[in-house]
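A.B. asks: Have a look at this one before I ask anything.
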Amino acid sequence: MEFFNITFINKVNLASLNGDEGTSGNITSIKKVTANNGDEFVYVSGQAQRRYLKETLQQLGEKLSGVDKAGNPTIVIDEKEEELNKKSLSDKLFQAMFKQVCDLDLFGYMLPKDSMRRWSVVKVSPLLSIFPYKGEFDYLTRKHNEKGGSIVQVEIDSLNFMRGNYMIDSHKIGKNINEYNYQVTDMLSADEIKQRRSVLIDAIKYLNGGGKQSRNMEDLSPKFVVAINQKVGTPFLLNSINMKNDNSLIIEPIIEVLENNRAVINSVAIGLASGIFSNEAEIREKFKNIAVVVSVNQALDSLKI
């Protein structure tokens, strides 16, 4: 088995990435969790990130499944919309699910035919801010009528960093796996599987999405990444990524975890964007016994091989 373990940090300038719609009252909040010391940390839910990944895949030219007016899942084949939510789903249509759209293969499904379901190949952790929320607001006017409106406060996260993790069951991409007897059926050719893995990695490189983008546009692409090809699906770096208040990356816990899990690691690549972390030179020096520090895109591209 082969898993892609991608742990990363991205940088937030001024954003309301996963806020509510502010349908009542004059405060539009963003999602936060509270630590045991009372500090609040901003987060972006896993559901939101999966949506961002799908939207980025579509921007990269991939076709996605849809829903009809009744809410049934559909795909378009030869310009005809085909409903998937039926017990008479043909083998031809099932094959087309894998070949024509990428999201059902990568993000899973549940269909009524023989209670068919697929666990998501792509697993995500919520994005969690590294530094606490500072209680800052943006302001806008909500217009009620031609005579005026009211001031609305929008919670924003500013000058922060967020950490996250993707775990990809890469050996399952393009394959249907019976969850009861683990029988594997190839649905895509080897070249098609390689292409799908590649475009998924590209979607992570160019991740695009988030709330309030029309006026608080933000860059969600990774600025630091550890890209691991490994034998097990354990996200062992998830609790080892942290930074100091001077915007320096804390390196030692990452190296320790990589060394402790060397037995299940096939390969590791470290990616770093320039001009983001205050201890950039130290990062390059201390990681050199683990892997050469390259650009973020080069590190992620190592998983395509």
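The way I read the labels, and the way they are meant: chains A, B, ... in the order of the structure tokens, residue 1 as the first residue of every chain, and ligand 1 as the first ligand shown, with later ones counted on from there.
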Excluding Ile283 in chain A and residues on its chain fewer than 5 positions from it, collect all residues at most 12 Å away from it, counting only C-alpha atoms, and give them as a PDB file with N, CA and C atoms, in the first residue's frame.
C.D. replies:
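Written output follows (selection_17.pdb):
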ATOM      1  N   PHE A 224       5.060  26.102   3.404  1.00  0.00           N
ATOM      2  CA  PHE A 224       5.998  25.083   3.889  1.00  0.00           C
ATOM      3  C   PHE A 224       5.268  23.752   3.794  1.00  0.00           C
ATOM      4  N   VAL A 225       5.968  22.731   3.320  1.00  0.00           N
ATOM      5  CA  VAL A 225       5.314  21.432   3.157  1.00  0.00           C
ATOM      6  C   VAL A 225       6.303  20.312   3.412  1.00  0.00           C
ATOM      7  N   SER A 248       9.227  32.214  13.152  1.00  0.00           N
ATOM      8  CA  SER A 248      10.189  31.156  12.831  1.00  0.00           C
ATOM      9  C   SER A 248       9.525  29.787  13.018  1.00  0.00           C
ATOM     10  N   LEU A 249       9.876  28.858  12.144  1.00  0.00           N
ATOM     11  CA  LEU A 249       9.372  27.492  12.231  1.00  0.00           C
ATOM     12  C   LEU A 249      10.132  26.724  13.298  1.00  0.00           C
ATOM     13  N   ILE A 250       9.420  25.968  14.139  1.00  0.00           N
ATOM     14  CA  ILE A 250      10.065  25.109  15.135  1.00  0.00           C
ATOM     15  C   ILE A 250      10.409  23.791  14.439  1.00  0.00           C
ATOM     16  N   ILE A 251      11.678  23.519  14.289  1.00  0.00           N
ATOM     17  CA  ILE A 251      12.152  22.457  13.396  1.00  0.00           C
ATOM     18  C   ILE A 251      12.305  21.112  14.104  1.00  0.00           C
ATOM     19  N   GLU A 252      12.810  21.109  15.320  1.00  0.00           N
ATOM     20  CA  GLU A 252      13.218  19.869  15.978  1.00  0.00           C
ATOM     21  C   GLU A 252      12.103  18.822  16.083  1.00  0.00           C
ATOM     22  N   ILE A 254       9.662  18.195  14.107  1.00  0.00           N
ATOM     23  CA  ILE A 254       9.429  17.610  12.783  1.00  0.00           C
ATOM     24  C   ILE A 254      10.507  16.578  12.480  1.00  0.00           C
ATOM     25  N   ILE A 255      11.756  16.939  12.737  1.00  0.00           N
ATOM     26  CA  ILE A 255      12.856  16.008  12.486  1.00  0.00           C
ATOM     27  C   ILE A 255      12.725  14.767  13.359  1.00  0.00           C
ATOM     28  N   ILE A 270      11.004  18.114   1.434  1.00  0.00           N
ATOM     29  CA  ILE A 270      10.697  19.325   2.187  1.00  0.00           C
ATOM     30  C   ILE A 270      10.594  20.484   1.209  1.00  0.00           C
ATOM     31  N   GLY A 271       9.467  21.206   1.251  1.00  0.00           N
ATOM     32  CA  GLY A 271       9.280  22.357   0.372  1.00  0.00           C
ATOM     33  C   GLY A 271       9.167  23.644   1.165  1.00  0.00           C
ATOM     34  N   LEU A 272       9.782  24.704   0.669  1.00  0.00           N
ATOM     35  CA  LEU A 272       9.828  25.970   1.399  1.00  0.00           C
ATOM     36  C   LEU A 272       9.693  27.126   0.422  1.00  0.00           C
ATOM     37  N   ALA A 273       8.774  28.048   0.721  1.00  0.00           N
ATOM     38  CA  ALA A 273       8.649  29.292  -0.049  1.00  0.00           C
ATOM     39  C   ALA A 273       9.574  30.339   0.566  1.00  0.00           C
ATOM     40  N   SER A 274      10.232  31.100  -0.252  1.00  0.00           N
ATOM     41  CA  SER A 274      11.184  32.097   0.227  1.00  0.00           C
ATOM     42  C   SER A 274      10.464  33.310   0.798  1.00  0.00           C
ATOM     43  N   ILE A 276       9.088  33.898   3.766  1.00  0.00           N
ATOM     44  CA  ILE A 276       7.915  33.720   4.621  1.00  0.00           C
ATOM     45  C   ILE A 276       8.316  33.530   6.084  1.00  0.00           C
ATOM     46  N   PHE A 277       9.338  32.690   6.322  1.00  0.00           N
ATOM     47  CA  PHE A 277       9.739  32.340   7.688  1.00  0.00           C
ATOM     48  C   PHE A 277      11.022  33.073   8.058  1.00  0.00           C
ATOM     49  N   SER A 278      11.108  33.524   9.297  1.00  0.00           N
ATOM     50  CA  SER A 278      12.256  34.332   9.716  1.00  0.00           C
ATOM     51  C   SER A 278      13.535  33.519   9.844  1.00  0.00           C
ATOM     52  N   LYS A 288      18.818  19.281   6.062  1.00  0.00           N
ATOM     53  CA  LYS A 288      19.611  18.725   4.972  1.00  0.00           C
ATOM     54  C   LYS A 288      19.963  17.259   5.182  1.00  0.00           C
ATOM     55  N   ASN A 289      19.950  16.763   6.424  1.00  0.00           N
ATOM     56  CA  ASN A 289      20.202  15.342   6.661  1.00  0.00           C
ATOM     57  C   ASN A 289      18.955  14.484   6.453  1.00  0.00           C
ATOM     58  N   ILE A 290      17.786  15.136   6.332  1.00  0.00           N
ATOM     59  CA  ILE A 290      16.532  14.442   6.052  1.00  0.00           C
ATOM     60  C   ILE A 290      16.244  14.445   4.562  1.00  0.00           C
ATOM     61  N   ALA A 291      16.317  15.616   3.978  1.00  0.00           N
ATOM     62  CA  ALA A 291      16.066  15.785   2.545  1.00  0.00           C
ATOM     63  C   ALA A 291      16.527  17.178   2.143  1.00  0.00           C
ATOM     64  N   VAL A 292      16.880  17.335   0.882  1.00  0.00           N
ATOM     65  CA  VAL A 292      17.234  18.649   0.378  1.00  0.00           C
ATOM     66  C   VAL A 292      15.976  19.511   0.350  1.00  0.00           C
ATOM     67  N   VAL A 293      16.080  20.726   0.869  1.00  0.00           N
ATOM     68  CA  VAL A 293      14.937  21.634   0.877  1.00  0.00           C
ATOM     69  C   VAL A 293      14.809  22.280  -0.496  1.00  0.00           C
ATOM     70  N   VAL A 294      13.650  22.083  -1.121  1.00  0.00           N
ATOM     71  CA  VAL A 294      13.400  22.593  -2.469  1.00  0.00           C
ATOM     72  C   VAL A 294      12.182  23.522  -2.417  1.00  0.00           C
TER      73      VAL A 294
END
A.B. asks: Applying 7 Å and only C-alpha atoms, which residues near range 61-64 of chain A remain after dropping the ones on its own chain fewer than 3 positions away? List them as an NGL selection string.
C.D. replies: :A and (57-58 or 100-103)
A.B. asks: Got time to write the residues from that selection, C-alpha atoms, as a short mmCIF file (atom, residue, chain, number, x, y, z; two decimals), in the first residue's frame?
C.D. replies:
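What follows is the written file out-v6.cif:
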data_model
loop_
_atom_site.label_atom_id
_atom_site.label_comp_id
_atom_site.auth_asym_id
_atom_site.auth_seq_id
_atom_site.Cartn_x
_atom_site.Cartn_y
_atom_site.Cartn_z
CA LEU A 57 -9.80 20.57 -9.69
CA GLN A 58 -12.53 22.08 -11.85
CA GLN A 100 -15.61 10.96 -16.72
CA VAL A 101 -15.47 12.71 -13.34
CA CYS A 102 -12.74 12.76 -10.70
CA ASP A 103 -14.58 13.71 -7.51
#
A.B. asks: Sorted by chain and rising residue number, list the residues of range 143-209 of chain A at most 12 Å from range 299-302 of chain A (counting only C-alpha atoms), each with its closest atom pair and distance in Å to one decimal, as JSON lines.
C.D. replies:
{"residue": "A:Tyr166", "atom": "CA", "partner": "A:Leu300", "partner_atom": "CA", "distance": 11.8}
{"residue": "A:Arg197", "atom": "CA", "partner": "A:Asp301", "partner_atom": "CA", "distance": 10.3}
{"residue": "A:Ser198", "atom": "CA", "partner": "A:Asp301", "partner_atom": "CA", "distance": 8.0}
{"residue": "A:Val199", "atom": "CA", "partner": "A:Asp301", "partner_atom": "CA", "distance": 10.4}
{"residue": "A:Leu200", "atom": "CA", "partner": "A:Leu300", "partner_atom": "CA", "distance": 10.4}
{"residue": "A:Ile201", "atom": "CA", "partner": "A:Leu300", "partner_atom": "CA", "distance": 6.6}
{"residue": "A:Asp202", "atom": "CA", "partner": "A:Leu300", "partner_atom": "CA", "distance": 8.2}
{"residue": "A:Ala203", "atom": "CA", "partner": "A:Leu300", "partner_atom": "CA", "distance": 10.6}
{"residue": "A:Ile204", "atom": "CA", "partner": "A:Leu300", "partner_atom": "CA", "distance": 8.5}
{"residue": "A:Lys205", "atom": "CA", "partner": "A:Leu300", "partner_atom": "CA", "distance": 7.3}
{"residue": "A:Tyr206", "atom": "CA", "partner": "A:Leu300", "partner_atom": "CA", "distance": 11.1}
A.B. asks: Could you write out that same residue set with N, CA and C atoms as a compact mmCIF listing (two decimals), in the first residue's frame?
C.D. replies:
# COMPACT_ATOMS: atom_id res chain seq x y z
N TYR A 166 -3.11 16.64 4.63
CA TYR A 166 -3.86 15.78 3.73
C TYR A 166 -3.26 14.37 3.81
N ARG A 197 -3.70 11.24 -10.14
CA ARG A 197 -2.83 11.56 -8.99
C ARG A 197 -2.16 12.91 -9.21
N SER A 198 -1.71 13.12 -10.43
CA SER A 198 -0.98 14.35 -10.76
C SER A 198 -1.85 15.58 -10.61
N VAL A 199 -3.09 15.52 -11.12
CA VAL A 199 -3.96 16.70 -11.05
C VAL A 199 -4.42 16.96 -9.62
N LEU A 200 -4.54 15.91 -8.81
CA LEU A 200 -4.88 16.09 -7.39
C LEU A 200 -3.74 16.82 -6.67
N ILE A 201 -2.51 16.42 -6.93
CA ILE A 201 -1.36 17.12 -6.34
C ILE A 201 -1.33 18.57 -6.79
N ASP A 202 -1.64 18.82 -8.07
CA ASP A 202 -1.67 20.19 -8.57
C ASP A 202 -2.75 21.01 -7.87
N ALA A 203 -3.89 20.39 -7.58
CA ALA A 203 -4.96 21.10 -6.87
C ALA A 203 -4.51 21.53 -5.48
N ILE A 204 -3.70 20.71 -4.83
CA ILE A 204 -3.15 21.07 -3.52
C ILE A 204 -2.15 22.21 -3.66
N LYS A 205 -1.34 22.17 -4.71
CA LYS A 205 -0.37 23.24 -4.96
C LYS A 205 -1.05 24.58 -5.18
N TYR A 206 -2.18 24.56 -5.89
CA TYR A 206 -2.83 25.80 -6.29
C TYR A 206 -4.18 26.00 -5.59
A.B. asks: At a cut-off of 8 Å, using only C-alpha atoms, what residues contact Lys31 in chain A? Leave out same-chain residues fewer than 4 positions from it and give the result as number ranges by chain.
C.D. replies: A: 18-20, 42-44
A.B. asks: So which one's closest to Arg51 in chain A, A:Val296, A:Val33, A:Val124, A:Val232? Using only C-alpha atoms, please.
C.D. replies: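 Closest residue, counting only C-alpha atoms: A:Val124.
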A.B. asks: Using DSSP on the backbone, list every residue of range 72-300 of chain A that comes out as strand (DSSP E), and give them as a ChimeraX atom specification.
C.D. replies: /A:73-77,80-83,109-110,117-118,122-124,127-129,136-145,148-168,175-177,184-186,224-230,265-272,293-294
A.B. asks: I'd like to know which residues of range 230-273 of chain A are helix (DSSP H, G or I) (by DSSP, run on the backbone); could you write them as a list in words?
C.D. replies: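 Going through range 230-273 of chain A, the helix (DSSP H, G or I) residues come out as Glu252, Pro253, Ile254, Ile255, Glu256, Val257, Leu258, Glu259, Asn260, Arg262, Ala263 and Val264 of chain A.
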A.B. asks: Quick one: pull the distance between CA of Ile27 in chain A and CA of Asp138 in chain A, Å, one decimal.
C.D. replies: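 CA of Ile27 in chain A sits 10.0 Å away from CA of Asp138 in chain A.
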A.B. asks: For Met116 in chain A, find every residue with an atom within 10 Å (counting only C-alpha atoms), except residues of its own chain fewer than 3 positions away, and show them as a VMD selection string.
C.D. replies: chain A and resid 87 109 to 113 178 to 179
A.B. asks: From the set A:Arg117, A:Arg163, A:Lys134, A:Lys54, which residue has the shortest atom-to-atom contact distance to Lys223 in chain A, counting only C-alpha atoms?
C.D. replies: A:Arg163
A.B. asks: Counting only C-alpha atoms, which of A:Ile151, A:Lys99, A:Asn247, A:Pro222 gets nearest to Gly174 in chain A?
C.D. replies: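 Checking each candidate against Gly174 in chain A, we get A:Lys99 as the closest.
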A.B. asks: Please report the interatomic distance between CA of Ile173 in chain A and CA of Asp219 in chain A in Å with one decimal.
C.D. replies: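 Interatomic distance, CA of Ile173 in chain A to CA of Asp219 in chain A: 27.6 Å.
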A.B. asks: Select, from A:Asp246, A:Glu280, A:Asp186, A:Glu2, the residue with the minimum atom-to-atom distance to Phe98 in chain A, counting only C-alpha atoms.
C.D. replies: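 Nearest candidate to Phe98 in chain A out of A:Asp246, A:Glu280, A:Asp186, A:Glu2: A:Asp186.
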A.B. asks: In Å, with one decimal, what is the gap from CA of Leu84 in chain A to CA of His171 in chain A?
C.D. replies: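 The value is 24.9 Å.
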